[in-house]
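Raw entry-v6.cif, mmCIF, C-alpha atoms and all ligand atoms:
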data_entry
#
loop_
_atom_site.label_atom_id
_atom_site.label_comp_id
_atom_site.auth_asym_id
_atom_site.auth_seq_id
_atom_site.Cartn_x
_atom_site.Cartn_y
_atom_site.Cartn_z
CA MET D 19 -56.74 -0.96 -0.29
CA ARG D 20 -53.53 -2.70 0.71
CA ILE D 21 -52.39 -3.53 4.20
CA VAL D 22 -49.11 -4.76 5.63
CA HIS D 23 -49.32 -7.25 8.48
CA VAL D 24 -46.31 -7.71 10.74
CA SER D 25 -45.99 -9.32 14.15
CA ASP D 26 -43.86 -10.58 17.02
CA THR D 27 -40.88 -8.32 16.46
CA HIS D 28 -39.65 -8.74 20.08
CA LEU D 29 -37.48 -5.62 20.16
CA GLY D 30 -35.00 -5.77 23.03
CA TYR D 31 -34.53 -9.54 22.78
CA THR D 32 -31.00 -10.65 23.57
CA ALA D 33 -29.41 -14.11 23.39
CA TYR D 34 -26.06 -15.86 23.48
CA ARG D 35 -22.74 -14.29 24.27
CA LYS D 36 -21.68 -12.92 20.91
CA VAL D 37 -21.20 -9.17 20.89
CA ASP D 38 -21.40 -6.92 17.82
CA GLU D 39 -17.92 -5.44 17.41
CA GLU D 40 -19.04 -2.09 16.10
CA SER D 41 -21.59 -1.26 18.78
CA GLY D 42 -20.46 -3.48 21.64
CA LEU D 43 -24.04 -4.71 21.96
CA ASN D 44 -25.39 -8.23 22.02
CA GLN D 45 -25.37 -9.50 18.44
CA ARG D 46 -28.85 -10.96 18.56
CA GLU D 47 -30.27 -7.73 19.90
CA ILE D 48 -28.75 -5.97 16.89
CA ASP D 49 -30.09 -8.67 14.53
CA VAL D 50 -33.61 -8.14 15.84
CA TYR D 51 -33.35 -4.36 15.36
CA ARG D 52 -32.05 -4.88 11.82
CA ALA D 53 -34.96 -7.14 10.92
CA PHE D 54 -37.37 -4.47 12.13
CA GLU D 55 -35.57 -1.72 10.28
CA SER D 56 -35.63 -3.75 7.03
CA PHE D 57 -39.33 -4.29 7.55
CA VAL D 58 -39.84 -0.51 7.83
CA ASP D 59 -37.59 0.15 4.80
CA ARG D 60 -39.52 -2.31 2.67
CA THR D 61 -42.90 -1.08 3.89
CA LEU D 62 -42.07 2.52 3.03
CA GLU D 63 -41.33 1.30 -0.50
CA LEU D 64 -44.57 -0.66 -0.67
CA ARG D 65 -46.60 2.30 0.61
CA PRO D 66 -49.61 0.36 1.95
CA ASP D 67 -52.73 2.15 3.22
CA LEU D 68 -52.34 0.66 6.69
CA ILE D 69 -49.88 -1.33 8.83
CA LEU D 70 -51.14 -3.84 11.39
CA HIS D 71 -48.74 -4.99 14.13
CA SER D 72 -50.39 -7.88 15.92
CA GLY D 73 -48.42 -7.87 19.17
CA ASP D 74 -45.15 -8.48 20.97
CA LEU D 75 -43.56 -5.36 19.55
CA PHE D 76 -41.17 -5.60 22.50
CA ASP D 77 -39.72 -8.69 24.09
CA SER D 78 -40.55 -7.58 27.61
CA VAL D 79 -42.96 -5.46 29.60
CA ARG D 80 -40.22 -3.00 30.48
CA PRO D 81 -38.05 -2.57 27.43
CA THR D 82 -34.62 -1.01 27.85
CA ASN D 83 -34.10 2.63 26.91
CA ARG D 84 -32.28 1.43 23.84
CA ALA D 85 -35.14 -0.79 22.63
CA LEU D 86 -37.60 1.98 23.37
CA SER D 87 -35.72 4.71 21.56
CA PHE D 88 -35.14 2.40 18.60
CA ALA D 89 -38.89 1.71 18.40
CA MET D 90 -39.67 5.43 18.71
CA ASP D 91 -37.34 6.26 15.81
CA GLN D 92 -38.84 3.59 13.56
CA LEU D 93 -42.45 4.47 14.39
CA HIS D 94 -41.65 8.10 13.60
CA ARG D 95 -40.41 7.03 10.17
CA VAL D 96 -43.75 5.29 9.58
CA SER D 97 -45.65 8.30 10.89
CA GLU D 98 -43.73 10.75 8.71
CA ALA D 99 -44.44 8.61 5.65
CA GLY D 100 -48.14 9.14 6.40
CA ILE D 101 -48.94 5.44 6.77
CA PRO D 102 -51.34 4.75 9.65
CA MET D 103 -50.39 1.88 11.95
CA VAL D 104 -52.43 -0.04 14.53
CA ALA D 105 -50.28 -1.90 17.06
CA ILE D 106 -51.78 -4.12 19.74
CA ALA D 107 -50.15 -5.32 22.95
CA GLY D 108 -49.20 -9.00 23.11
CA ASN D 109 -48.51 -11.17 26.12
CA HIS D 110 -44.86 -10.12 26.17
CA SER D 111 -45.78 -6.48 26.49
CA THR D 112 -48.76 -6.60 28.82
CA PRO D 113 -48.02 -6.07 32.50
CA ARG D 114 -49.83 -8.46 34.78
CA LEU D 115 -50.32 -5.70 37.32
CA ARG D 116 -52.32 -2.75 36.09
CA GLU D 117 -50.22 -0.25 38.07
CA THR D 118 -47.08 -1.22 36.15
CA GLY D 119 -48.46 0.86 33.27
CA SER D 120 -47.89 0.19 29.61
CA VAL D 121 -45.06 1.54 27.53
CA PHE D 122 -47.54 1.63 24.61
CA ARG D 123 -48.99 4.82 26.08
CA LEU D 124 -45.99 6.71 24.74
CA PHE D 125 -47.00 5.91 21.16
CA GLU D 126 -50.31 7.73 21.51
CA HIS D 127 -48.37 10.93 20.93
CA ILE D 128 -47.11 9.87 17.52
CA GLU D 129 -49.40 10.98 14.72
CA GLY D 130 -51.08 8.15 12.84
CA ILE D 131 -49.93 5.47 15.30
CA TYR D 132 -52.77 3.77 17.14
CA PRO D 133 -51.58 1.68 20.10
CA VAL D 134 -54.18 -0.67 21.61
CA TYR D 135 -53.18 -1.86 25.06
CA ARG D 136 -55.96 -1.27 27.57
CA GLY D 137 -56.86 -4.93 27.93
CA ARG D 138 -60.14 -4.78 26.02
CA LEU D 139 -61.53 -4.68 22.51
CA GLU D 140 -61.26 -1.32 20.74
CA ARG D 141 -62.45 -0.09 17.35
CA ILE D 142 -60.44 2.29 15.23
CA GLU D 143 -61.80 4.01 12.13
CA ILE D 144 -59.31 4.60 9.38
CA GLY D 145 -61.01 6.14 6.35
CA GLU D 146 -63.28 3.53 4.83
CA MET D 147 -61.90 0.87 7.09
CA MET D 148 -62.93 -0.31 10.54
CA VAL D 149 -60.16 -2.00 12.52
CA THR D 150 -61.46 -4.14 15.37
CA ALA D 151 -58.53 -4.73 17.72
CA LEU D 152 -58.34 -7.22 20.55
CA PRO D 153 -55.07 -6.93 22.46
CA HIS D 154 -53.83 -9.44 25.01
CA SER D 155 -56.33 -9.15 27.87
CA GLU D 156 -57.51 -10.87 31.03
CA PRO D 157 -59.36 -14.09 30.05
CA GLU D 158 -62.84 -12.72 30.74
CA MET D 159 -62.17 -9.55 28.74
CA MET D 160 -60.73 -11.64 25.96
CA GLN D 161 -63.91 -13.73 25.89
CA ARG D 162 -66.11 -10.66 25.93
CA GLY D 163 -64.07 -9.18 23.08
CA LEU D 164 -64.43 -12.36 21.02
CA GLU D 165 -68.19 -12.24 21.44
CA GLU D 166 -68.28 -8.61 20.30
CA LEU D 167 -66.05 -9.31 17.33
CA LYS D 168 -68.07 -8.57 14.23
CA PRO D 169 -67.63 -6.51 11.11
CA SER D 170 -69.47 -3.21 10.88
CA LYS D 171 -71.78 -2.85 7.86
CA GLU D 172 -71.21 0.89 7.80
CA PHE D 173 -67.65 0.45 6.61
CA ARG D 174 -66.44 -0.67 3.24
CA TYR D 175 -63.60 -2.68 4.72
CA ASN D 176 -63.42 -4.57 7.98
CA VAL D 177 -60.28 -6.03 9.45
CA ALA D 178 -59.64 -7.55 12.88
CA ILE D 179 -56.37 -7.85 14.76
CA MET D 180 -55.69 -10.13 17.72
CA HIS D 181 -52.88 -11.61 19.79
CA ALA D 182 -53.53 -15.20 20.88
CA GLY D 183 -52.98 -18.85 20.08
CA VAL D 184 -55.64 -20.57 18.01
CA VAL D 185 -57.05 -24.02 18.69
CA GLY D 186 -59.27 -25.86 16.29
CA LEU D 187 -58.36 -28.41 13.65
CA GLY D 188 -54.79 -27.31 14.17
CA VAL D 189 -53.12 -25.98 17.29
CA PHE D 190 -51.09 -22.81 17.01
CA ARG D 191 -49.60 -21.84 20.33
CA MET D 192 -46.29 -21.03 22.00
CA ASN D 193 -46.81 -22.85 25.33
CA GLU D 194 -46.09 -19.72 27.31
CA PHE D 195 -47.45 -18.98 30.77
CA ASN D 196 -49.74 -16.17 30.04
CA GLU D 197 -50.81 -16.90 26.50
CA ARG D 198 -54.47 -16.72 25.55
CA LEU D 199 -56.06 -19.34 23.32
CA ILE D 200 -59.06 -18.79 21.12
CA LYS D 201 -61.23 -21.26 19.26
CA SER D 202 -60.85 -21.14 15.52
CA SER D 203 -64.64 -20.73 15.19
CA TYR D 204 -64.17 -17.10 16.26
CA LEU D 205 -62.14 -16.40 13.13
CA ARG D 206 -65.21 -15.28 11.20
CA GLY D 207 -64.99 -15.37 7.45
CA ASP D 208 -66.96 -12.13 7.05
CA PHE D 209 -63.96 -9.98 7.93
CA ASP D 210 -61.91 -8.94 4.93
CA TYR D 211 -58.85 -9.96 6.91
CA ILE D 212 -57.93 -11.10 10.42
CA ALA D 213 -54.36 -10.32 11.44
CA LEU D 214 -53.11 -12.71 14.11
CA GLY D 215 -50.07 -12.45 16.31
CA HIS D 216 -48.35 -14.72 18.86
CA TYR D 217 -47.54 -17.85 16.87
CA HIS D 218 -44.12 -17.35 15.30
CA GLU D 219 -44.60 -19.17 12.02
CA GLN D 220 -46.31 -17.57 9.04
CA VAL D 221 -49.43 -19.64 8.50
CA GLU D 222 -53.03 -19.30 7.35
CA VAL D 223 -55.49 -20.45 10.02
CA GLY D 224 -58.87 -19.41 8.69
CA PRO D 225 -60.56 -18.32 5.46
CA THR D 226 -59.24 -14.78 5.87
CA ALA D 227 -57.07 -15.20 9.00
CA CYS D 228 -53.28 -15.42 9.07
CA TYR D 229 -50.37 -15.33 11.42
CA ALA D 230 -47.66 -13.13 9.94
CA GLY D 231 -45.08 -14.98 12.05
CA SER D 232 -42.16 -13.29 13.79
CA THR D 233 -39.57 -11.14 12.02
CA GLU D 234 -36.63 -13.10 13.47
CA ARG D 235 -35.90 -16.60 14.75
CA PHE D 236 -36.26 -16.79 18.51
CA SER D 237 -35.76 -20.50 19.14
CA PHE D 238 -34.55 -23.64 17.39
CA THR D 239 -38.14 -24.63 16.70
CA GLU D 240 -38.09 -21.72 14.24
CA ALA D 241 -34.89 -22.84 12.49
CA ASP D 242 -36.69 -23.79 9.27
CA HIS D 243 -39.14 -20.88 9.15
CA GLU D 244 -38.89 -18.19 6.57
CA LYS D 245 -39.22 -14.82 8.29
CA GLY D 246 -40.94 -11.74 7.01
CA PHE D 247 -44.35 -10.09 6.86
CA LEU D 248 -47.51 -10.11 4.73
CA LEU D 249 -48.90 -7.74 2.14
CA ILE D 250 -52.66 -8.12 1.68
CA ASP D 251 -54.76 -6.60 -1.09
CA LEU D 252 -58.32 -6.29 0.22
CA GLU D 253 -59.79 -5.76 -3.27
CA ASN D 254 -59.00 -9.27 -4.44
CA GLY D 255 -57.99 -10.99 -1.18
CA ARG D 256 -54.52 -11.73 -2.50
CA ARG D 257 -51.71 -12.13 0.01
CA ARG D 258 -48.01 -12.01 -0.59
CA PHE D 259 -45.27 -13.00 1.82
CA GLU D 260 -42.43 -10.48 1.92
CA PRO D 261 -39.32 -12.25 3.20
CA LEU D 262 -36.73 -10.53 5.40
CA GLU D 263 -33.13 -11.58 5.31
CA VAL D 264 -32.23 -12.83 8.75
CA ARG D 265 -29.41 -14.83 10.27
CA GLU D 266 -29.49 -18.54 9.57
CA MET D 267 -30.18 -21.06 12.27
CA LEU D 268 -29.21 -24.72 11.92
CA ASP D 269 -30.67 -27.48 14.03
CA LEU D 270 -28.34 -30.38 13.25
CA GLY D 271 -29.05 -34.03 13.91
CA PRO D 272 -30.32 -35.82 15.76
CA VAL D 273 -27.40 -38.19 15.52
CA ASP D 274 -28.26 -41.57 17.01
CA ALA D 275 -25.33 -42.81 19.07
CA TYR D 276 -26.92 -46.13 19.94
CA GLY D 277 -24.38 -48.95 19.76
CA LYS D 278 -21.57 -46.67 18.57
CA ASP D 279 -18.13 -46.48 20.13
CA PRO D 280 -16.46 -43.09 20.64
CA VAL D 281 -14.47 -43.30 17.38
CA ALA D 282 -17.51 -44.11 15.26
CA LEU D 283 -19.64 -41.47 16.97
CA GLN D 284 -16.93 -38.83 16.71
CA GLU D 285 -16.67 -39.54 12.99
CA GLU D 286 -20.39 -39.20 12.48
CA ILE D 287 -20.55 -35.94 14.47
CA GLU D 288 -17.69 -34.49 12.45
CA SER D 289 -19.39 -35.37 9.20
CA VAL D 290 -22.62 -33.70 10.34
CA LEU D 291 -20.58 -30.59 11.18
CA GLN D 292 -19.11 -30.49 7.65
CA THR D 293 -21.36 -27.66 6.59
CA ASP D 294 -21.03 -23.91 6.52
CA LEU D 295 -21.45 -22.77 10.12
CA HIS D 296 -19.96 -19.32 9.69
CA ASP D 297 -21.93 -16.69 11.64
CA ARG D 298 -24.83 -19.08 12.03
CA ILE D 299 -26.70 -20.14 15.13
CA VAL D 300 -26.15 -23.86 15.46
CA ARG D 301 -27.40 -26.68 17.64
CA LEU D 302 -26.36 -30.31 17.46
CA THR D 303 -28.46 -33.02 19.04
CA VAL D 304 -27.00 -36.47 19.78
CA ARG D 305 -29.25 -39.13 21.26
CA ASN D 306 -28.70 -42.37 23.17
CA VAL D 307 -25.12 -41.68 24.21
CA SER D 308 -23.74 -44.15 26.74
CA PRO D 309 -21.69 -42.61 29.56
CA SER D 310 -18.53 -44.38 28.42
CA THR D 311 -18.90 -43.23 24.81
CA TYR D 312 -19.55 -39.70 26.08
CA LYS D 313 -16.27 -39.75 28.03
CA GLY D 314 -14.37 -40.88 24.96
CA LEU D 315 -15.45 -37.99 22.70
CA ASP D 316 -13.04 -35.26 21.65
CA PHE D 317 -14.89 -32.11 22.70
CA ASN D 318 -11.96 -29.82 21.92
CA ARG D 319 -12.09 -30.98 18.34
CA ILE D 320 -15.85 -30.34 18.23
CA ALA D 321 -15.24 -26.85 19.65
CA ASP D 322 -12.62 -26.20 16.94
CA LEU D 323 -14.96 -27.32 14.19
CA THR D 324 -17.77 -25.11 15.43
CA GLY D 325 -15.72 -22.05 16.36
CA GLU D 326 -16.96 -20.03 13.40
CA ALA D 327 -20.59 -20.29 14.41
CA LEU D 328 -22.12 -17.24 16.04
CA HIS D 329 -23.40 -19.60 18.68
CA PHE D 330 -23.04 -23.34 19.04
CA GLU D 331 -24.78 -25.53 21.53
CA ARG D 332 -24.62 -29.26 21.89
CA ARG D 333 -27.41 -31.32 23.29
CA PHE D 334 -26.18 -34.77 24.24
CA GLU D 335 -28.73 -37.11 25.69
CA VAL D 336 -26.66 -39.39 27.85
CA GLN D 337 -28.19 -42.65 29.01
CA GLN D 338 -28.18 -43.20 32.75
CA GLU D 339 -29.07 -46.73 33.75
CA ALA D 340 -32.74 -47.08 32.86
CA THR D 341 -33.46 -43.42 32.20
CA SER D 342 -31.90 -40.87 29.97
CA ALA D 343 -31.00 -37.37 31.04
CA GLN D 344 -29.68 -34.45 29.11
CA LEU D 345 -26.20 -33.24 29.80
CA LYS D 346 -24.83 -29.83 29.02
CA ASP D 347 -26.80 -26.99 27.44
CA ALA D 348 -30.06 -28.69 28.25
CA SER D 349 -32.80 -26.20 27.65
CA LEU D 350 -35.91 -26.54 29.74
CA THR D 351 -39.02 -27.11 27.68
CA SER D 352 -40.70 -24.48 29.75
CA LEU D 353 -40.36 -23.40 33.35
CA GLU D 354 -44.05 -23.96 33.78
CA GLN D 355 -43.82 -27.59 32.70
CA GLU D 356 -40.80 -28.10 34.92
CA PHE D 357 -42.59 -26.63 37.89
CA ARG D 358 -45.75 -28.67 37.28
CA ALA D 359 -43.74 -31.85 36.97
CA TYR D 360 -41.75 -31.05 40.10
CA LEU D 361 -44.86 -30.40 42.17
CA SER D 362 -46.58 -33.53 40.92
CA ARG D 363 -43.66 -35.64 42.16
CA ARG D 364 -43.48 -34.04 45.63
CA PRO D 365 -45.70 -34.97 48.52
CA VAL D 366 -47.20 -31.77 49.94
CA GLU D 367 -48.72 -31.59 53.40
CA GLY D 368 -50.98 -29.02 54.96
CA VAL D 369 -51.70 -26.99 51.83
CA ASP D 370 -53.80 -27.51 48.79
CA LYS D 371 -51.54 -28.55 45.93
CA ASP D 372 -53.59 -26.78 43.26
CA ARG D 373 -53.38 -23.55 45.20
CA LEU D 374 -49.66 -23.97 45.60
CA LEU D 375 -49.34 -24.58 41.87
CA ASP D 376 -51.40 -21.47 41.19
CA ARG D 377 -49.30 -19.29 43.45
CA GLY D 378 -46.06 -20.72 42.12
CA LEU D 379 -47.05 -20.04 38.53
CA TYR D 380 -48.19 -16.55 39.47
CA TYR D 381 -44.80 -15.70 41.00
CA LEU D 382 -42.88 -17.30 38.16
CA GLU D 383 -44.85 -15.21 35.71
CA ARG D 384 -44.20 -12.01 37.66
CA ARG D 385 -40.53 -12.88 37.84
CA LEU D 386 -40.41 -13.39 34.07
CA GLU D 387 -42.09 -10.05 33.49
CA GLY D 388 -39.54 -8.38 35.73
CA SER D 389 -36.64 -9.76 33.77
CA SER D 390 -35.65 -8.29 30.48
MN MN D 401 -46.90 -13.57 22.07
#

Starting from the coordinates I provided, produce the structure as structure tokens.
Amino acid sequence: MRIVHVSDTHLGYTAYRKVDEESGLNQREIDVYRAFESFVDRTLELRPDLILHSGDLFDSVRPTNRALSFAMDQLHRVSEAGIPMVAIAGNHSTPRLRETGSVFRLFEHIEGIYPVYRGRLERIEIGEMMVTALPHSEPEMMQRGLEELKPSKEFRYNVAIMHAGVVGLGVFRMNEFNERLIKSSYLRGDFDYIALGHYHEQVEVGPTACYAGSTERFSFTEADHEKGFLLIDLENGRRRFEPLEVREMLDLGPVDAYGKDPVALQEEIESVLQTDLHDRIVRLTVRNVSPSTYKGLDFNRIADLTGEALHFERRFEVQQEATSAQLKDASLTSLEQEFRAYLSRRPVEGVDKDRLLDRGLYYLERRLEGSS
């Protein structure tokens, strides 16, 4: 009995300005589709008995028609090959408001595809195997699901599938608004396998529990990750990582500018950029830059040197008197953190600050869901 475990495919994701010349579409959107298609190609060769997709199939609650029809085509390929697939909803594909409805409903009409998206634990029997699936759910339903999570003695094989961060000896989370976190003690060793989704790096987190990681790189924190999916043999517990070829991402630096004049710093930056950047996604971080050194840098030259990259962003941390602030291309750690920090600095009169924080986060989350 062999299963393929894949996760966090984020179909419909777009980033940067580069457009694919052939299709006229955003290059990263195409990259993400290609990674998924290669996963399906490879899986059809491997012919496992079951595919588990542990969440965030789509990047947003309301995928575009293009992302949706792409997913439909690929799931039909899987269905026609006669390989059953259980796919659970993750936090990126679960509407906060029930009435929004889930796009996963459409997959119920594809033979052999079992979408799990109703915000509660469900059990699916596939031959000799029981799949216990816990999709992204409201916290109390998540908790209830965790308490009901046990293998069934009546089945020869028992696997579980969940979408959440895990906290225990290690912490595996994405720091997103609506993520759910579960204690590692719930990752019972008496399941033959527990397929986890949400955390984007492939990692083992329990005796039989693994994150498959995402199929593409979605942020610079993933620059060094290998991307792919897992093949698990339930007879002997062996797991094999199947890599997917995806676009390279380079997180260069940090270069420390402390005490350097513009000429010296420029030289060091240029030497760091002496690497193959062609078609890659590149970021350069330079720390402790004084305002006068910053003004003396040759940014046109830096732009020339990085012109071949698919995307280049520079993160210069320029010192301002006692503090240091980021200039240009500063990416917010997370909107939530920004908002929390902002509120904590502001005096608020007449309303309860915690309530205000709650409401603010609620609206931010809804806004994020509305965007695609
Ligand atoms: Mn997720």

Enumerate residues in contact with ligand MN 401 (chain D): an atom-to-atom distance of at most 12 Å, counting only C-alpha atoms and all ligand atoms. Format the result as a ChimeraX atom specification. /D:25-28,71-79,106-112,153-155,180-184,190-199,214-219,229,231-232,236

Could you check which of D:Val177, D:Met19, D:Val24, D:Val264 is closest to D:Ile48, using only C-alpha atoms?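 Going through D:Val177, D:Met19, D:Val24, D:Val264 one by one, the smallest distance to D:Ile48 is for D:Val264.
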
So which one's closest to D:Arg257, D:His94, D:Pro102, D:Ala227, D:Thr32? Using all atoms listed in the file, please.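 Comparing D:His94, D:Pro102, D:Ala227, D:Thr32 against D:Arg257, the winner is D:Ala227.
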
Just to confirm, what's the straight-line distance from atom CA of D:Arg377 to atom CA of D:Gln355 in Å (one decimal)? 14.6 Å

Kindly indicate which residue among D:Leu252, D:Gly207, D:Ser41, D:Arg364 lies nearest to D:Glu146, using all atoms listed in the file for the distances.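 Checking each candidate against D:Glu146, we get D:Leu252 as the closest.
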
If you measure from atom CA of D:His127 to atom CA of D:Ile101, what distance in Å do you get, rounded to one decimal? 15.2 Å

Quote the spacing between atom CA of D:Tyr211 and atom CA of D:Thr226 in Å to one decimal place.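 Separating atom CA of D:Tyr211 from atom CA of D:Thr226 is a distance of 4.9 Å.
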
Can you sort out stretch 102-116 of chain D so it carries N, CA and C atoms, written as a PDB file, in the coordinates of the input?
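And here's rebuild-v2.pdb as it stands now:
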ATOM      1  N   PRO D 102     -50.807   5.049   8.316  1.00  0.00           N
ATOM      2  CA  PRO D 102     -51.340   4.750   9.650  1.00  0.00           C
ATOM      3  C   PRO D 102     -50.951   3.345  10.111  1.00  0.00           C
ATOM      4  N   MET D 103     -50.800   3.179  11.417  1.00  0.00           N
ATOM      5  CA  MET D 103     -50.390   1.880  11.950  1.00  0.00           C
ATOM      6  C   MET D 103     -51.150   1.596  13.241  1.00  0.00           C
ATOM      7  N   VAL D 104     -51.767   0.417  13.302  1.00  0.00           N
ATOM      8  CA  VAL D 104     -52.430  -0.040  14.530  1.00  0.00           C
ATOM      9  C   VAL D 104     -51.532  -1.109  15.134  1.00  0.00           C
ATOM     10  N   ALA D 105     -51.146  -0.919  16.386  1.00  0.00           N
ATOM     11  CA  ALA D 105     -50.280  -1.900  17.060  1.00  0.00           C
ATOM     12  C   ALA D 105     -50.941  -2.330  18.357  1.00  0.00           C
ATOM     13  N   ILE D 106     -51.145  -3.635  18.508  1.00  0.00           N
ATOM     14  CA  ILE D 106     -51.780  -4.120  19.740  1.00  0.00           C
ATOM     15  C   ILE D 106     -50.746  -4.737  20.659  1.00  0.00           C
ATOM     16  N   ALA D 107     -51.049  -4.728  21.960  1.00  0.00           N
ATOM     17  CA  ALA D 107     -50.150  -5.320  22.950  1.00  0.00           C
ATOM     18  C   ALA D 107     -50.302  -6.841  22.926  1.00  0.00           C
ATOM     19  N   GLY D 108     -49.182  -7.543  23.016  1.00  0.00           N
ATOM     20  CA  GLY D 108     -49.200  -9.000  23.110  1.00  0.00           C
ATOM     21  C   GLY D 108     -48.907  -9.432  24.534  1.00  0.00           C
ATOM     22  N   ASN D 109     -48.761 -10.714  24.747  1.00  0.00           N
ATOM     23  CA  ASN D 109     -48.510 -11.170  26.120  1.00  0.00           C
ATOM     24  C   ASN D 109     -47.127 -10.773  26.633  1.00  0.00           C
ATOM     25  N   HIS D 110     -46.188 -10.540  25.714  1.00  0.00           N
ATOM     26  CA  HIS D 110     -44.860 -10.120  26.170  1.00  0.00           C
ATOM     27  C   HIS D 110     -44.822  -8.647  26.564  1.00  0.00           C
ATOM     28  N   SER D 111     -45.832  -7.905  26.163  1.00  0.00           N
ATOM     29  CA  SER D 111     -45.780  -6.480  26.490  1.00  0.00           C
ATOM     30  C   SER D 111     -46.946  -6.020  27.338  1.00  0.00           C
ATOM     31  N   THR D 112     -47.628  -6.971  27.966  1.00  0.00           N
ATOM     32  CA  THR D 112     -48.760  -6.600  28.820  1.00  0.00           C
ATOM     33  C   THR D 112     -48.416  -6.881  30.275  1.00  0.00           C
ATOM     34  N   PRO D 113     -48.340  -5.833  31.095  1.00  0.00           N
ATOM     35  CA  PRO D 113     -48.020  -6.070  32.500  1.00  0.00           C
ATOM     36  C   PRO D 113     -49.155  -6.813  33.183  1.00  0.00           C
ATOM     37  N   ARG D 114     -48.804  -7.729  34.066  1.00  0.00           N
ATOM     38  CA  ARG D 114     -49.830  -8.460  34.780  1.00  0.00           C
ATOM     39  C   ARG D 114     -50.525  -7.518  35.779  1.00  0.00           C
ATOM     40  N   LEU D 115     -49.754  -6.634  36.351  1.00  0.00           N
ATOM     41  CA  LEU D 115     -50.320  -5.700  37.320  1.00  0.00           C
ATOM     42  C   LEU D 115     -50.624  -4.388  36.630  1.00  0.00           C
ATOM     43  N   ARG D 116     -51.862  -3.958  36.755  1.00  0.00           N
ATOM     44  CA  ARG D 116     -52.320  -2.750  36.090  1.00  0.00           C
ATOM     45  C   ARG D 116     -51.413  -1.548  36.398  1.00  0.00           C
TER      46      ARG D 116
END
